[in-house]
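Just my_file09.cif here, mmCIF, C-alpha atoms:
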```
data_entry
#
loop_
_atom_site.label_atom_id
_atom_site.label_comp_id
_atom_site.auth_asym_id
_atom_site.auth_seq_id
_atom_site.Cartn_x
_atom_site.Cartn_y
_atom_site.Cartn_z
CA MET A 89 -35.37 2.79 55.92
CA ALA A 90 -32.68 5.07 57.36
CA LEU A 91 -33.05 6.25 60.96
CA LEU A 92 -32.94 9.91 59.99
CA GLN A 93 -35.85 9.55 57.59
CA ASP A 94 -37.91 7.82 60.31
CA TRP A 95 -37.06 10.61 62.76
CA ARG A 96 -38.03 13.38 60.35
CA GLU A 97 -41.33 11.70 59.43
CA VAL A 98 -42.36 11.66 63.09
CA ALA A 99 -40.84 14.98 64.19
CA TYR A 100 -42.05 17.05 61.24
CA SER A 101 -45.29 15.23 60.46
CA GLN A 102 -47.95 17.40 58.85
CA GLU A 103 -50.70 14.86 59.62
CA ALA A 104 -49.99 14.53 63.34
CA ASP A 105 -52.31 15.96 65.96
CA GLN A 106 -50.85 19.31 67.12
CA LYS A 107 -51.16 18.45 70.82
CA ALA A 108 -49.43 15.11 70.28
CA LEU A 109 -46.67 16.81 68.26
CA GLN A 110 -46.22 19.43 70.96
CA ALA A 111 -45.96 16.70 73.61
CA PHE A 112 -43.44 14.89 71.40
CA TRP A 113 -41.22 18.00 71.16
CA THR A 114 -41.54 18.80 74.87
CA ALA A 115 -40.32 15.29 75.72
CA TYR A 116 -37.54 15.54 73.12
CA PHE A 117 -36.29 18.90 74.43
CA ALA A 118 -36.09 17.51 77.98
CA VAL A 119 -33.97 14.56 76.79
CA GLU A 120 -31.83 16.85 74.62
CA LYS A 121 -31.16 19.15 77.58
CA GLY A 122 -30.12 16.18 79.73
CA ILE A 123 -27.69 14.90 77.09
CA TYR A 124 -26.14 18.36 76.66
CA GLU A 125 -25.75 18.74 80.42
CA GLN A 126 -23.74 15.50 80.48
CA LEU A 127 -21.66 16.44 77.41
CA LEU A 128 -20.88 19.94 78.70
CA ALA A 129 -19.79 18.57 82.09
CA ASN A 130 -16.67 17.30 80.29
CA PRO A 131 -16.56 19.32 77.04
CA ASP A 132 -13.14 18.11 75.85
CA GLU A 133 -14.05 14.41 75.98
CA VAL A 134 -15.01 12.98 72.57
CA VAL A 135 -17.84 10.51 73.14
CA THR A 136 -18.05 7.76 70.51
CA GLY A 137 -20.12 4.64 69.99
CA THR A 138 -22.87 3.22 67.86
CA VAL A 139 -26.19 5.02 67.75
CA LYS A 140 -27.66 2.20 69.83
CA GLU A 141 -24.86 2.38 72.45
CA LEU A 142 -25.22 6.16 72.79
CA ALA A 143 -29.00 5.86 73.15
CA GLU A 144 -28.44 3.36 76.00
CA LYS A 145 -25.70 5.52 77.57
CA TYR A 146 -27.97 8.57 77.69
CA GLY A 147 -31.09 6.60 78.64
CA THR A 148 -33.17 7.28 75.56
CA ASP A 149 -34.54 5.46 72.54
CA ILE A 150 -32.80 5.20 69.16
CA GLN A 151 -35.24 7.56 67.45
CA THR A 152 -34.63 10.35 69.97
CA MET A 153 -30.86 9.79 69.76
CA THR A 154 -31.15 10.09 65.97
CA GLY A 155 -32.86 13.46 66.39
CA PHE A 156 -30.13 14.55 68.79
CA LEU A 157 -27.42 13.50 66.33
CA ASP A 158 -29.20 15.40 63.57
CA GLY A 159 -29.28 18.52 65.74
CA ILE A 160 -25.67 18.44 66.90
CA ASN A 161 -24.13 17.44 63.56
CA ASP A 162 -23.42 21.02 62.39
CA SER A 163 -21.47 21.66 65.60
CA LEU A 164 -19.22 18.61 65.38
CA LYS A 165 -15.54 18.79 64.49
CA GLU A 166 -16.02 15.65 62.39
CA LYS A 167 -19.51 15.26 60.88
CA ASN A 168 -21.42 12.00 61.28
CA PRO A 169 -22.98 10.21 58.27
CA ILE A 170 -26.50 10.99 59.50
CA GLU A 171 -28.24 10.51 56.14
CA GLU A 172 -27.40 6.79 55.92
CA MET A 173 -27.01 6.06 59.63
CA THR A 174 -28.29 2.81 61.15
CA GLU A 175 -28.38 1.83 64.80
CA ASP A 176 -25.01 0.08 64.35
CA THR A 177 -23.27 3.10 62.77
CA VAL A 178 -20.37 4.36 64.88
CA VAL A 179 -20.73 8.08 65.54
CA ASN A 180 -18.86 10.65 67.58
CA LEU A 181 -19.95 13.64 69.64
CA GLY A 182 -16.69 15.63 69.45
CA PHE A 183 -18.15 19.12 69.25
CA ASP A 184 -16.62 22.53 68.67
CA LYS A 185 -17.64 24.51 71.78
CA VAL A 186 -17.86 27.87 69.98
CA GLU A 187 -19.91 26.46 67.08
CA LEU A 188 -22.21 24.58 69.44
CA TYR A 189 -22.94 27.67 71.51
CA LYS A 190 -23.57 29.83 68.43
CA ASN A 191 -25.80 27.16 66.84
CA MET A 192 -27.84 26.95 70.05
CA VAL A 193 -28.33 30.72 69.97
CA ASP A 194 -29.19 30.62 66.27
CA ALA A 195 -31.79 27.92 66.97
CA LYS A 196 -33.28 30.16 69.69
CA ALA A 197 -32.77 27.30 72.17
CA ASP A 198 -32.40 29.38 75.33
CA TRP A 199 -32.85 26.26 77.49
CA LEU A 200 -29.57 25.02 75.92
CA TYR A 201 -27.35 28.08 75.58
CA GLY A 202 -28.52 29.11 79.04
CA LEU A 203 -27.29 25.89 80.66
CA GLU A 204 -25.25 26.42 83.83
CA ALA A 205 -22.36 24.35 82.38
CA TRP A 206 -21.56 27.08 79.83
CA LYS A 207 -20.43 29.32 82.73
CA SER A 208 -17.49 27.01 83.42
CA ILE A 209 -16.61 26.81 79.71
CA PHE A 210 -16.83 30.49 78.69
CA ASP A 211 -16.73 33.61 80.84
CA GLU A 212 -19.68 36.00 80.68
CA GLU A 213 -17.97 38.36 78.23
CA THR A 214 -17.18 35.53 75.81
CA ARG A 215 -20.74 34.21 76.02
CA LYS A 216 -22.11 37.69 75.25
CA SER A 217 -19.70 38.07 72.33
CA LEU A 218 -20.65 34.64 70.89
CA TYR A 219 -24.33 35.44 71.40
CA LEU A 220 -24.05 38.67 69.42
CA GLU A 221 -22.00 36.94 66.71
CA ALA A 222 -24.65 34.25 66.36
CA LYS A 223 -27.45 36.81 66.17
CA LYS A 224 -25.61 38.65 63.39
CA MET A 225 -25.01 35.48 61.32
CA ASN A 226 -28.41 35.64 59.63
CA THR A 227 -28.76 39.41 59.52
CA ILE A 228 -28.80 40.85 56.02
CA VAL A 229 -27.19 44.27 55.74
CA LYS A 230 -28.19 46.20 52.66
CA PRO A 231 -25.61 48.63 51.33
CA LYS A 232 -26.51 52.31 51.42
CA LYS A 233 -28.23 53.33 48.21
CA VAL A 234 -26.34 55.93 46.20
CA GLY A 235 -28.41 59.09 45.70
CA ARG A 236 -28.41 60.71 42.27
CA ASN A 237 -26.70 63.86 43.63
CA ASP A 238 -24.09 61.94 45.68
CA ALA A 239 -20.51 61.59 44.56
CA CYS A 240 -20.14 58.61 42.23
CA PRO A 241 -18.78 55.52 44.04
CA CYS A 242 -16.43 54.82 41.09
CA GLY A 243 -14.19 57.64 42.31
CA SER A 244 -14.46 59.91 39.26
CA GLY A 245 -15.36 62.95 41.38
CA LYS A 246 -18.52 63.54 39.37
CA LYS A 247 -22.07 63.35 40.66
CA TYR A 248 -23.60 59.90 40.29
CA LYS A 249 -26.29 61.24 37.90
CA HIS A 250 -23.59 62.53 35.50
CA CYS A 251 -21.40 59.40 35.70
CA CYS A 252 -22.40 55.79 36.38
CA GLY A 253 -26.03 56.70 37.07
CA ARG A 254 -26.81 57.67 33.49
CA ASN A 255 -29.62 55.76 31.85
#
```

Take the structure I supplied and represent it as structure tokens, if you would.
Amino acid sequence: MALLQDWREVAYSQEADQKALQAFWTAYFAVEKGIYEQLLANPDEVVTGTVKELAEKYGTDIQTMTGFLDGINDSLKEKNPIEEMTEDTVVNLGFDKVELYKNMVDAKADWLYGLEAWKSIFDEETRKSLYLEAKKMNTIVKPKKVGRNDACPCGSGKKYKHCCGRN
């Protein structure tokens, strides 16, 4: 069975005890934060290795590293084959700094986008701008509804009710 499938069965289990699942995620988030702190210390270095080697490098188990790789994949410059990944699959952690920051904001992971290391990567103004951009990514803006007595949007000069708004 693929590593990712194993990870998802444990992490998103519907049968698991809620307290146990909460403890699982608390432990995962602590490991995730530690890995990001190390990666952001040298953000231009592209870390590569097998899943097993990276798990050893960051002092975690293969399952947790699989979850980390699943989480960071959308922020990588070159995506990893996470769906069919085994512990001997060579992966890379070459991330796009802007995408990573915005994805952390989008995931509401304040313990990650609030890391001290971001201050040496982006100035405060850039961080605020990226934060706002990320918040707007999933915002749906509905166009203003044309009123029946408004000018028709087709540009005819007629009222909407006498032009395109006819039934």

For the contact check between segment 163-182 of chain A and segment 148-158 of chain A, emit one row per residue of segment 163-182 of chain A within 9 Å, containing the shortest atom pair and the distance in Å rounded to one decimal, counting all atoms listed in the file, chain then rising number order, as a tab-separated table.
```
residue	atom	partner	partner_atom	distance
A:Asn168	CA	A:Leu157	CA	8.0
A:Ile170	CA	A:Asp158	CA	6.6
A:Glu171	CA	A:Asp158	CA	8.9
A:Met173	CA	A:Thr154	CA	8.6
A:Glu175	CA	A:Ile150	CA	7.1
A:Val179	CA	A:Leu157	CA	8.6
A:Leu181	CA	A:Leu157	CA	8.2
```

inquiry  = I'd like the contact shell of Gln110 of chain A - 12 Å cut-off, only C-alpha atoms, skipping same-chain residues fewer than 6 positions apart - returned as a ChimeraX atom specification.
reply    = /A:98-101,104,116-117

request  = Apply the PyMOL selection byres ((chain A and resi 125-142) around 12) to the displayed file and report the matching residues as an MDAnalysis selection string.
outcome  = chainID A and resid 91:92 118:124 143:158 160 164:166 168:170 173:186 188:189 199:210

task = State, in Å with one decimal place, the distance from atom CA of Tyr219 of chain A to atom CA of Thr114 of chain A.
result = 24.2 Å

inquiry  = List the spatial neighbours of segment 245-252 of chain A as a ChimeraX atom specification - criterion: any atom at most 12 Å away, only C-alpha atoms, same-chain residues fewer than 3 positions off excluded.
reply    = /A:233-242,255

ask   = Separation of atom CA of Asp194 of chain A and atom CA of Val229 of chain A, in Å?
value =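 A separation of 17.4 Å between them.
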
query = What is the atom CA of Asp211 of chain A-atom CA of Asp198 of chain A distance in Å, reported with one decimal?
reply = 17.1 Å

query = Taking into account only C-alpha atoms, which residue in the set A:Leu109, A:Glu213, A:Gly159, A:Lys224 is nearest to Met192 of chain A?
reply = A:Gly159

query = Which of these residues is nearest to Leu220 of chain A, using only C-alpha atoms: A:Lys196, A:Lys232, A:Lys107, A:Lys190?
reply =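 Result for the nearest residue to Leu220 of chain A: A:Lys190.
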
message = When you count all atoms listed in the file, which of these residues is closest to Arg215 of chain A: A:Lys167, A:Glu187, A:Glu103, A:Gln93?
response =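 Checking each candidate against Arg215 of chain A, we get A:Glu187 as the closest.
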